[in-house]
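Student: Right, I'll just put the structure down here and ask away after.
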Amino acid sequence: MNLYDRLRPDTDIEYCDCSQITRILLVYTLSVNPIHCYECKGAIDPERISLSNKRTEKIASWHRVFSSLYDLWMDSGEYENFAKKSLLNKEGEVNTEAVKIAKDLSTEIPTYYWWWHDFDDGDFTECPNCNGVIDQDNKHGVGKCEKCCIVA
Ligand SMILES: [Zn+2]
Ligand SMILES: [Zn+2]
C-alpha cells in the first residue's frame with residue numbers, strides 16, 4: 001500500500017464476478033464493505049443479495065465497531081492492547097454480533113465470519129468461539145467451525 005493511500009478514500013474495491021454466490025465471508029478488509037464472496041473473496045454489493053434494511057444496518061454498525069477497534073490496534077498506541085483484547089474476546093460485542101449476523105445470513109446463504117487474530121500469536125488450533133474442532137478446509141485461515149459459522 002502506498003502511504004498516501006492512508007489519507008485517500010477507498011476506491012479500488014474488487015467485486016465478486018462469480019456467476020452465483022454460494023457462500024459468504026464476513027471479513028474486515030480495510031474497505032467499507034465486509035461482505036465478501038467465500039470463493040473468490042471479491043466484495044459483494046448488498047443489493048446483489050437483496051440485503052434487507054435491518055440486516056444492512058446491523059452489518060454496517062458491527063463493521064463500524066470492528067474497524068474502529070482494528071484501527072486502534074493498528075495504531076500501536078495507548079489503545080493497542082485494549083483493542084486486541086476486545087477483538088479476541090468471544091464474549092465481546094464485536095464477536096457475538098458477528099456470529100449472530102453470520103448465523104442469520106446463513107439461513108439464506110451459508111456465511112462465515114472470519115475471526116480476527118494477531119499473526120504474531122500463531123494460528124488457531126481450535127475454534128476461538130466454542131473451543132471445538134476446526135475442519136481442515138483452509139481456503140481461508142486454518143479452517144472453519146460449522147457450528148459457529150466461523151473461519152479461524
Ligand atoms: Zn465470487
Ligand atoms: Zn465453534
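Please note that chains go A, B, ... in the order of the C-alpha cells, that every chain numbers its residues from 1, and that ligands are numbered from 1 in the order shown.
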Please identify the residues whose atoms come within 6 Å of ligand 2, using only C-alpha atoms and all ligand atoms, and report them as a list in words.

Tutor: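 Counting only C-alpha atoms and all ligand atoms, the residues within 6 Å of ligand 2 come out as Cys127, Asn129, Cys130, Gly132, Cys145, Lys147 and Cys148 of chain A.
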
Student: Show me which residues are within 8 Å of ligand 1 counting only C-alpha atoms and all ligand atoms, and format the list as a list in words.

Tutor: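 Checking only C-alpha atoms and all ligand atoms against ligand 1 at 8 Å gives Tyr15, Cys16, Asp17, Cys18, Ser19, Gln20, Ile21, His36, Cys37, Tyr38, Glu39, Cys40, Lys41, Gly42, Ala43 and Ile44 of chain A.
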
Student: Please identify the helix (DSSP H, G or I) residues within region 21-111 of chain A (assignment by DSSP from backbone atoms) and present them as a ChimeraX atom specification.

Tutor: /A:53-74,80-88,93-106

Student: Go through A:Tyr70, A:Leu51, A:Val27, A:Glu93 and flag the residue nearest His140 (chain A), using only C-alpha atoms for the distances.

Tutor: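 Counting only C-alpha atoms, the residue closest to His140 (chain A) is A:Val27.
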
Student: If you run DSSP on the backbone, which residues of chain A are strand (DSSP E or B), as a tab-separated table (two decimals) with N, CA and C atoms, in the first residue's frame?

Tutor:
```tsv
chain	number	residue	atom	x	y	z
A	15	TYR	N	-14.81	-6.48	-6.93
A	15	TYR	CA	-16.08	-7.16	-6.70
A	15	TYR	C	-16.05	-8.61	-7.19
A	24	ILE	N	-20.81	-16.93	1.75
A	24	ILE	CA	-20.38	-15.55	2.04
A	24	ILE	C	-19.34	-15.56	3.15
A	25	LEU	N	-18.39	-14.64	3.02
A	25	LEU	CA	-17.38	-14.46	4.04
A	25	LEU	C	-17.56	-13.06	4.61
A	26	LEU	N	-17.79	-13.01	5.91
A	26	LEU	CA	-17.92	-11.72	6.58
A	26	LEU	C	-16.54	-11.40	7.14
A	35	ILE	N	-18.81	-7.64	3.29
A	35	ILE	CA	-19.50	-8.80	2.72
A	35	ILE	C	-18.73	-9.27	1.49
A	36	HIS	N	-18.14	-10.44	1.61
A	36	HIS	CA	-17.30	-10.94	0.52
A	36	HIS	C	-17.73	-12.33	0.08
A	37	CYS	N	-17.33	-12.66	-1.15
A	37	CYS	CA	-17.62	-13.98	-1.69
A	37	CYS	C	-16.61	-14.96	-1.10
A	43	ALA	N	-15.65	-8.44	-3.15
A	43	ALA	CA	-16.74	-7.83	-2.38
A	43	ALA	C	-18.07	-8.11	-3.07
A	111	THR	N	-22.85	-18.51	5.54
A	111	THR	CA	-21.99	-17.35	5.81
A	111	THR	C	-21.01	-17.67	6.93
A	112	TYR	N	-19.77	-17.22	6.76
A	112	TYR	CA	-18.74	-17.44	7.78
A	112	TYR	C	-18.09	-16.13	8.17
A	113	TYR	N	-17.93	-15.97	9.44
A	113	TYR	CA	-17.26	-14.78	9.98
A	113	TYR	C	-15.79	-15.13	10.18
A	114	TRP	N	-14.94	-14.33	9.56
A	114	TRP	CA	-13.51	-14.58	9.70
A	114	TRP	C	-13.02	-13.93	10.98
A	144	LYS	N	-12.61	-24.05	9.38
A	144	LYS	CA	-13.89	-23.48	9.80
A	144	LYS	C	-14.50	-24.26	10.96
A	145	CYS	N	-15.36	-23.56	11.70
A	145	CYS	CA	-16.23	-24.24	12.65
A	145	CYS	C	-17.64	-24.05	12.11
A	150	ILE	N	-17.85	-19.88	11.63
A	150	ILE	CA	-16.60	-19.12	11.76
A	150	ILE	C	-15.49	-19.69	10.89
A	151	VAL	N	-14.70	-18.79	10.33
A	151	VAL	CA	-13.42	-19.15	9.74
A	151	VAL	C	-12.39	-18.68	10.75
```

Student: From the set A:Leu87, A:Ala102, A:Val142, A:Leu30, which residue has the shortest atom-to-atom contact distance to Ile59 (chain A), counting only C-alpha atoms?

Tutor: A:Ala102

Student: Hey, can you check how far CA of Ile134 (chain A) sits from CA of Ile101 (chain A)?

Tutor: 19.7 Å

Student: Using Å and a single decimal, report how far CA of Tyr28 (chain A) sits from CA of Met74 (chain A).

Tutor: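 We find that CA of Met74 (chain A) and CA of Tyr28 (chain A) lie 13.2 Å from each other.
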
Student: What does the distance between CA of Lys58 (chain A) and CA of Val133 (chain A) come to in Å, to one decimal place?

Tutor: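 Those two atoms sit 28.5 Å apart.
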